[in-house]
>>> print(open('model-v6.pdb').read())   # PDB, C-alpha atoms
ATOM      1  CA  MET H   1       4.605  -8.268  11.987  1.00  0.00           C
ATOM      2  CA  ASN H   2       4.051 -10.802   9.191  1.00  0.00           C
ATOM      3  CA  LYS H   3       7.420 -12.130   7.971  1.00  0.00           C
ATOM      4  CA  LYS H   4       6.699 -11.368   4.331  1.00  0.00           C
ATOM      5  CA  VAL H   5       5.600  -7.821   5.082  1.00  0.00           C
ATOM      6  CA  SER H   6       8.689  -7.332   7.235  1.00  0.00           C
ATOM      7  CA  THR H   7      10.898  -8.506   4.381  1.00  0.00           C
ATOM      8  CA  ILE H   8       9.204  -6.109   1.985  1.00  0.00           C
ATOM      9  CA  VAL H   9       9.557  -3.141   4.290  1.00  0.00           C
ATOM     10  CA  LEU H  10      13.214  -3.879   5.000  1.00  0.00           C
ATOM     11  CA  SER H  11      13.913  -4.101   1.286  1.00  0.00           C
ATOM     12  CA  LEU H  12      12.214  -0.774   0.721  1.00  0.00           C
ATOM     13  CA  VAL H  13      14.222   0.835   3.520  1.00  0.00           C
ATOM     14  CA  ILE H  14      17.425  -0.269   1.795  1.00  0.00           C
ATOM     15  CA  ILE H  15      16.201   1.557  -1.288  1.00  0.00           C
ATOM     16  CA  ALA H  16      15.564   4.599   0.866  1.00  0.00           C
ATOM     17  CA  LEU H  17      19.201   4.628   1.956  1.00  0.00           C
ATOM     18  CA  ILE H  18      20.277   4.508  -1.663  1.00  0.00           C
ATOM     19  CA  ALA H  19      17.841   7.308  -2.446  1.00  0.00           C
ATOM     20  CA  PHE H  20      19.304   9.449   0.326  1.00  0.00           C
ATOM     21  CA  ALA H  21      22.697   9.326  -1.371  1.00  0.00           C
ATOM     22  CA  ALA H  22      21.155  10.167  -4.725  1.00  0.00           C
ATOM     23  CA  ILE H  23      18.545  12.696  -3.682  1.00  0.00           C
ATOM     24  CA  ASN H  24      19.790  15.382  -6.053  1.00  0.00           C
ATOM     25  CA  TYR H  25      19.896  13.071  -9.047  1.00  0.00           C
ATOM     26  CA  LYS H  26      19.169  14.817 -12.357  1.00  0.00           C
ATOM     27  CA  GLN H  27      19.058  13.464 -15.855  1.00  0.00           C
ATOM     28  CA  SER H  28      21.957  15.504 -17.137  1.00  0.00           C
ATOM     29  CA  GLN H  29      23.622  12.397 -18.563  1.00  0.00           C
ATOM     30  CA  SER H  30      20.636  11.132 -20.488  1.00  0.00           C
ATOM     31  CA  THR H  31      18.370  12.658 -23.095  1.00  0.00           C
ATOM     32  CA  SER H  32      16.272   9.538 -23.660  1.00  0.00           C
ATOM     33  CA  CYS H  33      12.848   9.716 -22.005  1.00  0.00           C
ATOM     34  CA  LEU H  34      10.230   7.012 -21.663  1.00  0.00           C
ATOM     35  CA  SER H  35       6.532   7.629 -21.515  1.00  0.00           C
ATOM     36  CA  LYS H  36       4.981   7.736 -18.055  1.00  0.00           C
ATOM     37  CA  GLU H  37       3.432   4.297 -18.522  1.00  0.00           C
ATOM     38  CA  GLU H  38       6.647   2.750 -19.876  1.00  0.00           C
ATOM     39  CA  ALA H  39       8.797   4.053 -17.015  1.00  0.00           C
ATOM     40  CA  VAL H  40       6.311   3.061 -14.320  1.00  0.00           C
ATOM     41  CA  ASN H  41       5.780  -0.418 -15.782  1.00  0.00           C
ATOM     42  CA  LYS H  42       9.537  -0.914 -15.875  1.00  0.00           C
ATOM     43  CA  ALA H  43       9.792   0.147 -12.231  1.00  0.00           C
ATOM     44  CA  LEU H  44       6.896  -2.098 -11.202  1.00  0.00           C
ATOM     45  CA  GLU H  45       8.522  -5.047 -12.937  1.00  0.00           C
ATOM     46  CA  TYR H  46      11.737  -4.354 -11.009  1.00  0.00           C
ATOM     47  CA  ILE H  47       9.870  -4.186  -7.678  1.00  0.00           C
ATOM     48  CA  ASN H  48       8.093  -7.481  -8.348  1.00  0.00           C
ATOM     49  CA  LYS H  49      11.261  -9.229  -9.473  1.00  0.00           C
ATOM     50  CA  ASN H  50      13.771  -7.946  -6.936  1.00  0.00           C
ATOM     51  CA  LEU H  51      12.133  -6.426  -3.851  1.00  0.00           C
ATOM     52  CA  VAL H  52       9.287  -8.679  -2.776  1.00  0.00           C
ATOM     53  CA  ASP H  53       8.584 -12.329  -2.126  1.00  0.00           C
ATOM     54  CA  GLU H  54       7.152 -14.242  -5.099  1.00  0.00           C
ATOM     55  CA  SER H  55       3.894 -14.845  -3.223  1.00  0.00           C
ATOM     56  CA  ALA H  56       3.434 -11.161  -2.317  1.00  0.00           C
ATOM     57  CA  ASN H  57       0.515  -9.371  -3.924  1.00  0.00           C
ATOM     58  CA  VAL H  58       1.880  -6.229  -5.613  1.00  0.00           C
ATOM     59  CA  SER H  59      -0.117  -3.983  -7.928  1.00  0.00           C
ATOM     60  CA  LEU H  60      -0.092  -0.455  -9.325  1.00  0.00           C
ATOM     61  CA  ALA H  61      -2.459   1.801  -7.376  1.00  0.00           C
ATOM     62  CA  GLN H  62      -2.063   5.048  -9.332  1.00  0.00           C
ATOM     63  CA  ILE H  63       0.284   7.271 -11.329  1.00  0.00           C
ATOM     64  CA  TYR H  64       0.410  10.873 -10.178  1.00  0.00           C
ATOM     65  CA  ASP H  65       0.227  13.889 -12.476  1.00  0.00           C
ATOM     66  CA  ASP H  66       3.780  15.201 -12.014  1.00  0.00           C
ATOM     67  CA  LYS H  67       5.007  18.573 -13.188  1.00  0.00           C
ATOM     68  CA  ASP H  68       8.714  17.810 -12.747  1.00  0.00           C
ATOM     69  CA  ALA H  69      10.416  17.028 -16.041  1.00  0.00           C
ATOM     70  CA  ASN H  70      12.911  14.626 -14.467  1.00  0.00           C
ATOM     71  CA  TYR H  71      10.753  11.964 -12.851  1.00  0.00           C
ATOM     72  CA  TYR H  72       7.355  10.286 -12.567  1.00  0.00           C
ATOM     73  CA  THR H  73       5.703   9.558  -9.208  1.00  0.00           C
ATOM     74  CA  PHE H  74       3.491   6.517  -8.705  1.00  0.00           C
ATOM     75  CA  GLN H  75       1.904   4.475  -5.936  1.00  0.00           C
ATOM     76  CA  VAL H  76       1.966   0.714  -5.458  1.00  0.00           C
ATOM     77  CA  ASN H  77      -0.185  -1.553  -3.307  1.00  0.00           C
ATOM     78  CA  ILE H  78       1.995  -4.124  -1.525  1.00  0.00           C
ATOM     79  CA  MET H  79      -0.085  -6.649   0.377  1.00  0.00           C
ATOM     80  CA  GLY H  80      -2.708  -4.043   1.209  1.00  0.00           C
ATOM     81  CA  ASN H  81      -0.279  -1.246   2.096  1.00  0.00           C
ATOM     82  CA  LEU H  82       0.307   1.788  -0.148  1.00  0.00           C
ATOM     83  CA  TYR H  83       3.782   3.146  -0.953  1.00  0.00           C
ATOM     84  CA  ASP H  84       4.865   6.044  -3.176  1.00  0.00           C
ATOM     85  CA  PHE H  85       7.848   5.733  -5.519  1.00  0.00           C
ATOM     86  CA  ILE H  86       9.714   7.967  -7.957  1.00  0.00           C
ATOM     87  CA  VAL H  87      11.151   6.689 -11.226  1.00  0.00           C
ATOM     88  CA  THR H  88      13.273   8.919 -13.463  1.00  0.00           C
ATOM     89  CA  THR H  89      11.860   9.641 -16.900  1.00  0.00           C
ATOM     90  CA  ASP H  90      14.645   7.686 -18.567  1.00  0.00           C
ATOM     91  CA  GLY H  91      13.640   4.621 -16.520  1.00  0.00           C
ATOM     92  CA  THR H  92      17.073   4.132 -14.933  1.00  0.00           C
ATOM     93  CA  ARG H  93      16.554   5.186 -11.285  1.00  0.00           C
ATOM     94  CA  LEU H  94      13.934   4.156  -8.736  1.00  0.00           C
ATOM     95  CA  PHE H  95      13.514   5.917  -5.367  1.00  0.00           C
ATOM     96  CA  PRO H  96      10.912   5.724  -2.584  1.00  0.00           C
ATOM     97  CA  ASN H  97       9.080   9.033  -2.272  1.00  0.00           C
ATOM     98  CA  THR H  98       8.472   8.756   1.463  1.00  0.00           C
ATOM     99  CA  GLY H  99      10.112   7.210   4.483  1.00  0.00           C
ATOM    100  CA  PHE H 100       8.732   4.195   6.288  1.00  0.00           C
ATOM    101  CA  ASP H 101       7.675   4.136   9.916  1.00  0.00           C
ATOM    102  CA  LEU H 102       9.495   1.109  11.330  1.00  0.00           C
ATOM    103  CA  ASN H 103       7.328   1.291  14.441  1.00  0.00           C
ATOM    104  CA  GLU H 104       4.107   0.990  12.462  1.00  0.00           C
ATOM    105  CA  LYS H 105       2.293  -2.268  13.100  1.00  0.00           C
ATOM    106  CA  LEU H 106       0.993  -3.489   9.771  1.00  0.00           C
ATOM    107  CA  ASP H 107      -2.069  -5.690   9.475  1.00  0.00           C
ATOM    108  CA  GLU H 108      -1.026  -9.337   9.484  1.00  0.00           C
ATOM    109  CA  LYS H 109      -1.631 -11.510   6.460  1.00  0.00           C
ATOM    110  CA  VAL H 110      -3.350 -14.743   7.507  1.00  0.00           C
ATOM    111  CA  ASP H 111      -4.779 -17.854   5.832  1.00  0.00           C
ATOM    112  CA  GLY H 112      -6.867 -17.294   2.725  1.00  0.00           C
ATOM    113  CA  ASN H 113      -4.938 -14.100   1.857  1.00  0.00           C
ATOM    114  CA  PHE H 114      -6.989 -12.191   4.422  1.00  0.00           C
ATOM    115  CA  LEU H 115      -5.526  -9.371   6.466  1.00  0.00           C
ATOM    116  CA  PHE H 116      -6.071  -9.328  10.233  1.00  0.00           C
ATOM    117  CA  LYS H 117      -6.566  -6.015  12.034  1.00  0.00           C
ATOM    118  CA  GLU H 118      -5.590  -6.957  15.578  1.00  0.00           C
ATOM    119  CA  SER H 119      -6.544  -3.726  17.355  1.00  0.00           C
ATOM    120  CA  ALA H 120      -9.868  -3.199  15.594  1.00  0.00           C
ATOM    121  CA  GLU H 121     -13.181  -3.263  17.406  1.00  0.00           C
ATOM    122  CA  ILE H 122     -15.668  -5.704  15.934  1.00  0.00           C
ATOM    123  CA  ILE H 123     -18.255  -3.984  13.743  1.00  0.00           C
ATOM    124  CA  LYS H 124     -21.632  -4.956  15.187  1.00  0.00           C
ATOM    125  CA  GLU H 125     -25.280  -4.164  14.605  1.00  0.00           C
ATOM    126  CA  ASP H 126     -27.915  -5.167  17.158  1.00  0.00           C
ATOM    127  CA  GLY H 127     -25.110  -6.923  19.029  1.00  0.00           C
ATOM    128  CA  LYS H 128     -24.218  -9.150  16.068  1.00  0.00           C
ATOM    129  CA  PRO H 129     -21.024  -9.110  13.933  1.00  0.00           C
ATOM    130  CA  VAL H 130     -21.517  -7.579  10.481  1.00  0.00           C
ATOM    131  CA  VAL H 131     -20.054  -9.139   7.333  1.00  0.00           C
ATOM    132  CA  PHE H 132     -19.767  -6.890   4.278  1.00  0.00           C
ATOM    133  CA  LEU H 133     -19.313  -7.923   0.658  1.00  0.00           C
ATOM    134  CA  PHE H 134     -18.635  -5.042  -1.756  1.00  0.00           C
ATOM    135  CA  THR H 135     -19.071  -6.009  -5.397  1.00  0.00           C
ATOM    136  CA  SER H 136     -19.771  -4.750  -8.892  1.00  0.00           C
ATOM    137  CA  SER H 137     -22.246  -6.264 -11.345  1.00  0.00           C
ATOM    138  CA  SER H 138     -19.587  -6.122 -14.065  1.00  0.00           C
ATOM    139  CA  CYS H 139     -16.912  -7.913 -12.004  1.00  0.00           C
ATOM    140  CA  PRO H 140     -16.318 -11.611 -12.911  1.00  0.00           C
ATOM    141  CA  HIS H 141     -14.388 -12.258  -9.682  1.00  0.00           C
ATOM    142  CA  CYS H 142     -17.370 -10.930  -7.731  1.00  0.00           C
ATOM    143  CA  ALA H 143     -19.637 -13.324  -9.612  1.00  0.00           C
ATOM    144  CA  TRP H 144     -17.435 -16.183  -8.423  1.00  0.00           C
ATOM    145  CA  GLU H 145     -17.343 -15.001  -4.800  1.00  0.00           C
ATOM    146  CA  LYS H 146     -21.010 -14.123  -4.231  1.00  0.00           C
ATOM    147  CA  PRO H 147     -22.527 -17.656  -4.236  1.00  0.00           C
ATOM    148  CA  ILE H 148     -19.656 -18.925  -2.068  1.00  0.00           C
ATOM    149  CA  ILE H 149     -20.135 -16.349   0.661  1.00  0.00           C
ATOM    150  CA  ASP H 150     -23.940 -16.629   0.389  1.00  0.00           C
ATOM    151  CA  GLU H 151     -23.712 -20.352   1.154  1.00  0.00           C
ATOM    152  CA  VAL H 152     -21.438 -19.734   4.145  1.00  0.00           C
ATOM    153  CA  ILE H 153     -23.561 -16.879   5.492  1.00  0.00           C
ATOM    154  CA  ASP H 154     -26.761 -18.964   5.327  1.00  0.00           C
ATOM    155  CA  GLN H 155     -25.264 -21.430   7.829  1.00  0.00           C
ATOM    156  CA  PHE H 156     -24.999 -18.743  10.511  1.00  0.00           C
ATOM    157  CA  GLY H 157     -28.664 -17.732  10.477  1.00  0.00           C
ATOM    158  CA  ASP H 158     -29.395 -14.837  12.809  1.00  0.00           C
ATOM    159  CA  ASN H 159     -25.986 -15.027  14.526  1.00  0.00           C
ATOM    160  CA  ILE H 160     -24.607 -12.440  12.091  1.00  0.00           C
ATOM    161  CA  ILE H 161     -25.731  -9.622   9.830  1.00  0.00           C
ATOM    162  CA  PHE H 162     -24.735  -9.773   6.168  1.00  0.00           C
ATOM    163  CA  LYS H 163     -24.611  -6.676   3.954  1.00  0.00           C
ATOM    164  CA  LEU H 164     -24.139  -7.051   0.222  1.00  0.00           C
ATOM    165  CA  ARG H 165     -23.132  -3.731  -1.348  1.00  0.00           C
ATOM    166  CA  GLU H 166     -23.222  -3.946  -5.135  1.00  0.00           C
ATOM    167  CA  ASP H 167     -22.866  -0.885  -7.374  1.00  0.00           C
ATOM    168  CA  THR H 168     -23.660   1.414  -4.473  1.00  0.00           C
ATOM    169  CA  ALA H 169     -21.914   3.950  -2.257  1.00  0.00           C
ATOM    170  CA  GLU H 170     -23.739   2.701   0.827  1.00  0.00           C
ATOM    171  CA  ASP H 171     -21.362   1.968   3.726  1.00  0.00           C
ATOM    172  CA  GLN H 172     -18.653   3.792   1.798  1.00  0.00           C
ATOM    173  CA  GLU H 173     -16.840   4.612   5.040  1.00  0.00           C
ATOM    174  CA  VAL H 174     -16.286   0.889   5.601  1.00  0.00           C
ATOM    175  CA  TYR H 175     -15.079   0.406   2.043  1.00  0.00           C
ATOM    176  CA  SER H 176     -12.704   3.368   2.330  1.00  0.00           C
ATOM    177  CA  GLN H 177     -11.209   2.013   5.545  1.00  0.00           C
ATOM    178  CA  PHE H 178     -10.495  -1.485   4.254  1.00  0.00           C
ATOM    179  CA  GLY H 179     -10.479  -1.229   0.457  1.00  0.00           C
ATOM    180  CA  LYS H 180      -7.859   0.060  -1.944  1.00  0.00           C
ATOM    181  CA  GLY H 181     -10.062   0.616  -4.964  1.00  0.00           C
ATOM    182  CA  GLY H 182     -10.934  -2.908  -6.091  1.00  0.00           C
ATOM    183  CA  VAL H 183     -13.725  -5.461  -5.704  1.00  0.00           C
ATOM    184  CA  PRO H 184     -14.747  -7.869  -4.398  1.00  0.00           C
ATOM    185  CA  LEU H 185     -13.942  -6.650  -0.917  1.00  0.00           C
ATOM    186  CA  ILE H 186     -14.876  -8.851   2.037  1.00  0.00           C
ATOM    187  CA  VAL H 187     -14.915  -7.296   5.506  1.00  0.00           C
ATOM    188  CA  ILE H 188     -15.625  -9.724   8.338  1.00  0.00           C
ATOM    189  CA  GLY H 189     -16.586  -7.676  11.362  1.00  0.00           C
ATOM    190  CA  GLY H 190     -13.757  -5.225  10.742  1.00  0.00           C
ATOM    191  CA  LYS H 191     -11.227  -7.792  12.013  1.00  0.00           C
ATOM    192  CA  TYR H 192     -10.577  -9.744   8.836  1.00  0.00           C
ATOM    193  CA  TYR H 193     -10.676  -8.322   5.324  1.00  0.00           C
ATOM    194  CA  ARG H 194      -9.536  -9.110   1.821  1.00  0.00           C
ATOM    195  CA  GLU H 195      -9.693  -7.352  -1.513  1.00  0.00           C
ATOM    196  CA  GLY H 196     -10.023  -9.884  -4.298  1.00  0.00           C
ATOM    197  CA  SER H 197     -11.750 -13.247  -4.634  1.00  0.00           C
ATOM    198  CA  GLY H 198     -10.634 -16.599  -3.297  1.00  0.00           C
ATOM    199  CA  ALA H 199     -10.780 -18.233  -6.719  1.00  0.00           C
ATOM    200  CA  ASN H 200      -7.115 -19.225  -6.515  1.00  0.00           C
ATOM    201  CA  LEU H 201      -7.891 -21.174  -3.334  1.00  0.00           C
ATOM    202  CA  GLY H 202     -10.866 -23.086  -4.702  1.00  0.00           C
ATOM    203  CA  GLU H 203     -14.455 -23.159  -3.437  1.00  0.00           C
ATOM    204  CA  GLU H 204     -14.022 -25.581  -0.529  1.00  0.00           C
ATOM    205  CA  VAL H 205     -10.940 -23.887   0.911  1.00  0.00           C
ATOM    206  CA  GLU H 206     -12.582 -20.484   0.549  1.00  0.00           C
ATOM    207  CA  LYS H 207     -15.640 -21.701   2.450  1.00  0.00           C
ATOM    208  CA  GLU H 208     -13.382 -23.136   5.155  1.00  0.00           C
ATOM    209  CA  TYR H 209     -11.594 -19.835   5.812  1.00  0.00           C
ATOM    210  CA  LEU H 210     -14.743 -17.730   5.665  1.00  0.00           C
ATOM    211  CA  THR H 211     -16.425 -20.055   8.156  1.00  0.00           C
ATOM    212  CA  LYS H 212     -13.376 -20.039  10.429  1.00  0.00           C
ATOM    213  CA  TYR H 213     -13.161 -16.249  10.684  1.00  0.00           C
ATOM    214  CA  ILE H 214     -16.903 -15.717  11.111  1.00  0.00           C
ATOM    215  CA  CYS H 215     -17.009 -18.392  13.837  1.00  0.00           C
ATOM    216  CA  GLU H 216     -14.302 -16.500  15.699  1.00  0.00           C
ATOM    217  CA  LEU H 217     -16.485 -13.385  15.788  1.00  0.00           C
ATOM    218  CA  THR H 218     -19.651 -15.250  16.774  1.00  0.00           C
ATOM    219  CA  GLU H 219     -17.760 -16.960  19.609  1.00  0.00           C
ATOM    220  CA  GLY H 220     -18.390 -20.383  18.150  1.00  0.00           C
ATOM    221  CA  MET H 221     -22.055 -20.050  17.316  1.00  0.00           C
ATOM    222  CA  PRO H 222     -23.874 -21.946  15.953  1.00  0.00           C
ATOM    223  CA  GLU H 223     -22.114 -24.926  17.489  1.00  0.00           C
ATOM    224  CA  ASN H 224     -22.971 -27.323  14.667  1.00  0.00           C
ATOM    225  CA  ILE H 225     -21.089 -25.086  12.206  1.00  0.00           C
ATOM    226  CA  CYS H 226     -18.230 -23.870  14.408  1.00  0.00           C
ATOM    227  CA  GLN H 227     -17.332 -27.156  16.137  1.00  0.00           C
TER     228      GLN H 227
END
>>> encode(input="model-v6.pdb", output="structure tokens")
Amino acid sequence: MNKKVSTIVLSLVIIALIAFAAINYKQSQSTSCLSKEEAVNKALEYINKNLVDESANVSLAQIYDDKDANYYTFQVNIMGNLYDFIVTTDGTRLFPNTGFDLNEKLDEKVDGNFLFKESAEIIKEDGKPVVFLFTSSSCPHCAWEKPIIDEVIDQFGDNIIFKLREDTAEDQEVYSQFGKGGVPLIVIGGKYYREGSGANLGEEVEKEYLTKYICELTEGMPENICQ
């Protein structure tokens, strides 16, 4: 398991132990309530500041429509993994909403902020690895990524199959398996994937990692690119 992911999960388990002792918590001592957005933002800020590594990618996935008057339930995306949390409406208590399977093998984060799915079978078509790029025409990060990946893909010729999916539901089953709701989403043969652009890495580094992972799936072909 990736060290950073392991640290995150262990931190969350500690919270779970605290939650177990406070499972029947009610807001009998406080009459001050925050709005759903205020309470969740406060909780998210706490998670980012105290529970995860500075380099970890943490974002709000969704806020649920709760009927309980004492808490709000929300979901966060931590390095590509989704976790549910509960924050009390006064913004003073944060609990995980579910337990964590310590035996679960999470996808490993590798160079270029990609995630590696070790047990996955390579997605192929006509015997060739398939690379997917899911984008939106209104997405500025997609506009940055598209020419980069186009240049890399062109070097591989007919050794791979490239599928650009922009503003379409085509290959939605692939998007649903690897994506969490955002674009751009790059899926390299189902083994490597990343949601988000590589703009923070720079063009040359992004090309280097894309080439590296595609070469792995083509078994080093073409030789002049994968040497």
>>> atom_distance(input="model-v6.pdb", atom1="CA of Lys128 (chain H)", atom2="CA of Glu145 (chain H)")
22.7 Å
>>> axis_aligned_box(input="model-v6.pdb", around="region 136-149 of chain H", padding_each_side="6 Å", output="AutoDock Vina command-line options")
--center_x -18.5 --center_y -11.8 --center_z -6.7 --size_x 20.1 --size_y 26.2 --size_z 26.7
>>> closest_atom_pairs(input="model-v6.pdb", of="region 109-134 of chain H", to="region 70-91 of chain H", cutoff="12 Å", atoms="only C-alpha atoms", output="Markdown table")
| residue | atom | partner | partner_atom | distance |
| --- | --- | --- | --- | --- |
| H:Lys109 | CA | H:Met79 | CA | 7.9 |
| H:Val110 | CA | H:Met79 | CA | 11.3 |
| H:Asn113 | CA | H:Met79 | CA | 9.0 |
| H:Phe114 | CA | H:Met79 | CA | 9.7 |
| H:Leu115 | CA | H:Gly80 | CA | 8.0 |
| H:Phe116 | CA | H:Gly80 | CA | 11.0 |
| H:Lys117 | CA | H:Gly80 | CA | 11.7 |
>>> closest_residue(input="model-v6.pdb", among="H:Pro184, H:Gly202, H:Pro140, H:Gly189", to="Glu121 (chain H)", atoms="all atoms listed in the file")
H:Gly189
>>> residues_around(input="model-v6.pdb", residues="Glu195 (chain H)", least_positions_apart="2", cutoff="8 Å", atoms="only C-alpha atoms", output="tab-separated table (two decimals) with C-alpha atoms, in the frame of the given file")
chain	number	residue	atom	x	y	z
H	179	GLY	CA	-10.48	-1.23	0.46
H	180	LYS	CA	-7.86	0.06	-1.94
H	182	GLY	CA	-10.93	-2.91	-6.09
H	183	VAL	CA	-13.72	-5.46	-5.70
H	184	PRO	CA	-14.75	-7.87	-4.40
H	185	LEU	CA	-13.94	-6.65	-0.92
H	186	ILE	CA	-14.88	-8.85	2.04
H	193	TYR	CA	-10.68	-8.32	5.32
H	197	SER	CA	-11.75	-13.25	-4.63
>>> closest_residue(input="model-v6.pdb", among="H:Ala61, H:Leu201, H:Ile122, H:Ile149", to="Lys163 (chain H)", atoms="only C-alpha atoms")
H:Ile149
>>> resolve_selection(input="model-v6.pdb", expression="the PyMOL selection byres ((chain H and resi 153) around 12)", output="VMD selection string")
chain H and resid 129 to 133 146 to 152 154 to 164 188 207 to 208 210 to 215 222 225
>>> write_last_selection(input="model-v6.pdb", atoms="C-alpha atoms", output="mmCIF file, in the frame of the given file")
data_model
loop_
_atom_site.group_PDB
_atom_site.id
_atom_site.type_symbol
_atom_site.label_atom_id
_atom_site.label_comp_id
_atom_site.auth_asym_id
_atom_site.auth_seq_id
_atom_site.Cartn_x
_atom_site.Cartn_y
_atom_site.Cartn_z
ATOM 1 C CA PRO H 129 -21.024 -9.110 13.933
ATOM 2 C CA VAL H 130 -21.517 -7.579 10.481
ATOM 3 C CA VAL H 131 -20.054 -9.139 7.333
ATOM 4 C CA PHE H 132 -19.767 -6.890 4.278
ATOM 5 C CA LEU H 133 -19.313 -7.923 0.658
ATOM 6 C CA LYS H 146 -21.010 -14.123 -4.231
ATOM 7 C CA PRO H 147 -22.527 -17.656 -4.236
ATOM 8 C CA ILE H 148 -19.656 -18.925 -2.068
ATOM 9 C CA ILE H 149 -20.135 -16.349 0.661
ATOM 10 C CA ASP H 150 -23.940 -16.629 0.389
ATOM 11 C CA GLU H 151 -23.712 -20.352 1.154
ATOM 12 C CA VAL H 152 -21.438 -19.734 4.145
ATOM 13 C CA ASP H 154 -26.761 -18.964 5.327
ATOM 14 C CA GLN H 155 -25.264 -21.430 7.829
ATOM 15 C CA PHE H 156 -24.999 -18.743 10.511
ATOM 16 C CA GLY H 157 -28.664 -17.732 10.477
ATOM 17 C CA ASP H 158 -29.395 -14.837 12.809
ATOM 18 C CA ASN H 159 -25.986 -15.027 14.526
ATOM 19 C CA ILE H 160 -24.607 -12.440 12.091
ATOM 20 C CA ILE H 161 -25.731 -9.622 9.830
ATOM 21 C CA PHE H 162 -24.735 -9.773 6.168
ATOM 22 C CA LYS H 163 -24.611 -6.676 3.954
ATOM 23 C CA LEU H 164 -24.139 -7.051 0.222
ATOM 24 C CA ILE H 188 -15.625 -9.724 8.338
ATOM 25 C CA LYS H 207 -15.640 -21.701 2.450
ATOM 26 C CA GLU H 208 -13.382 -23.136 5.155
ATOM 27 C CA LEU H 210 -14.743 -17.730 5.665
ATOM 28 C CA THR H 211 -16.425 -20.055 8.156
ATOM 29 C CA LYS H 212 -13.376 -20.039 10.429
ATOM 30 C CA TYR H 213 -13.161 -16.249 10.684
ATOM 31 C CA ILE H 214 -16.903 -15.717 11.111
ATOM 32 C CA CYS H 215 -17.009 -18.392 13.837
ATOM 33 C CA PRO H 222 -23.874 -21.946 15.953
ATOM 34 C CA ILE H 225 -21.089 -25.086 12.206
#
>>> resolve_selection(input="model-v6.pdb", expression="the PyMOL selection byres ((chain H and resi 41-44) around 9)", output="list of chain:residue names")
H:Lys36, H:Glu37, H:Glu38, H:Ala39, H:Val40, H:Glu45, H:Tyr46, H:Ile47, H:Asn48, H:Lys49, H:Val58, H:Ser59, H:Leu60, H:Val76, H:Phe85, H:Ile86, H:Val87, H:Gly91, H:Thr92, H:Arg93, H:Leu94
>>> write_last_selection(input="model-v6.pdb", atoms="C-alpha atoms", output="PDB file, in the frame of the given file")
ATOM      1  CA  LYS H  36       4.981   7.736 -18.055  1.00  0.00           C
ATOM      2  CA  GLU H  37       3.432   4.297 -18.522  1.00  0.00           C
ATOM      3  CA  GLU H  38       6.647   2.750 -19.876  1.00  0.00           C
ATOM      4  CA  ALA H  39       8.797   4.053 -17.015  1.00  0.00           C
ATOM      5  CA  VAL H  40       6.311   3.061 -14.320  1.00  0.00           C
ATOM      6  CA  GLU H  45       8.522  -5.047 -12.937  1.00  0.00           C
ATOM      7  CA  TYR H  46      11.737  -4.354 -11.009  1.00  0.00           C
ATOM      8  CA  ILE H  47       9.870  -4.186  -7.678  1.00  0.00           C
ATOM      9  CA  ASN H  48       8.093  -7.481  -8.348  1.00  0.00           C
ATOM     10  CA  LYS H  49      11.261  -9.229  -9.473  1.00  0.00           C
ATOM     11  CA  VAL H  58       1.880  -6.229  -5.613  1.00  0.00           C
ATOM     12  CA  SER H  59      -0.117  -3.983  -7.928  1.00  0.00           C
ATOM     13  CA  LEU H  60      -0.092  -0.455  -9.325  1.00  0.00           C
ATOM     14  CA  VAL H  76       1.966   0.714  -5.458  1.00  0.00           C
ATOM     15  CA  PHE H  85       7.848   5.733  -5.519  1.00  0.00           C
ATOM     16  CA  ILE H  86       9.714   7.967  -7.957  1.00  0.00           C
ATOM     17  CA  VAL H  87      11.151   6.689 -11.226  1.00  0.00           C
ATOM     18  CA  GLY H  91      13.640   4.621 -16.520  1.00  0.00           C
ATOM     19  CA  THR H  92      17.073   4.132 -14.933  1.00  0.00           C
ATOM     20  CA  ARG H  93      16.554   5.186 -11.285  1.00  0.00           C
ATOM     21  CA  LEU H  94      13.934   4.156  -8.736  1.00  0.00           C
TER      22      LEU H  94
END
>>> closest_residue(input="model-v6.pdb", among="H:Ala120, H:Leu106, H:Ala169, H:Ala69", to="Phe134 (chain H)", atoms="all atoms listed in the file")
H:Ala169
>>> build_atoms(input="model-v6.pdb", residues="region 81-88 of chain H", atoms="N, CA and C atoms", output="PDB file, keeping the file's coordinate frame")
ATOM      1  N   ASN H  81      -0.875  -2.480   1.601  1.00  0.00           N
ATOM      2  CA  ASN H  81      -0.279  -1.246   2.096  1.00  0.00           C
ATOM      3  C   ASN H  81       0.217  -0.414   0.919  1.00  0.00           C
ATOM      4  N   LEU H  82      -0.015   0.896   0.966  1.00  0.00           N
ATOM      5  CA  LEU H  82       0.307   1.788  -0.148  1.00  0.00           C
ATOM      6  C   LEU H  82       1.647   2.484   0.067  1.00  0.00           C
ATOM      7  N   TYR H  83       2.479   2.501  -1.001  1.00  0.00           N
ATOM      8  CA  TYR H  83       3.782   3.146  -0.953  1.00  0.00           C
ATOM      9  C   TYR H  83       3.980   3.986  -2.217  1.00  0.00           C
ATOM     10  N   ASP H  84       4.562   5.168  -2.053  1.00  0.00           N
ATOM     11  CA  ASP H  84       4.865   6.044  -3.176  1.00  0.00           C
ATOM     12  C   ASP H  84       6.313   5.845  -3.623  1.00  0.00           C
ATOM     13  N   PHE H  85       6.515   5.854  -4.944  1.00  0.00           N
ATOM     14  CA  PHE H  85       7.848   5.733  -5.519  1.00  0.00           C
ATOM     15  C   PHE H  85       8.060   6.808  -6.581  1.00  0.00           C
ATOM     16  N   ILE H  86       9.325   7.066  -6.873  1.00  0.00           N
ATOM     17  CA  ILE H  86       9.714   7.967  -7.957  1.00  0.00           C
ATOM     18  C   ILE H  86      10.580   7.176  -8.926  1.00  0.00           C
ATOM     19  N   VAL H  87      10.285   7.276 -10.210  1.00  0.00           N
ATOM     20  CA  VAL H  87      11.151   6.689 -11.226  1.00  0.00           C
ATOM     21  C   VAL H  87      11.542   7.812 -12.190  1.00  0.00           C
ATOM     22  N   THR H  88      12.812   7.872 -12.550  1.00  0.00           N
ATOM     23  CA  THR H  88      13.273   8.919 -13.463  1.00  0.00           C
ATOM     24  C   THR H  88      12.688   8.675 -14.853  1.00  0.00           C
TER      25      THR H  88
END
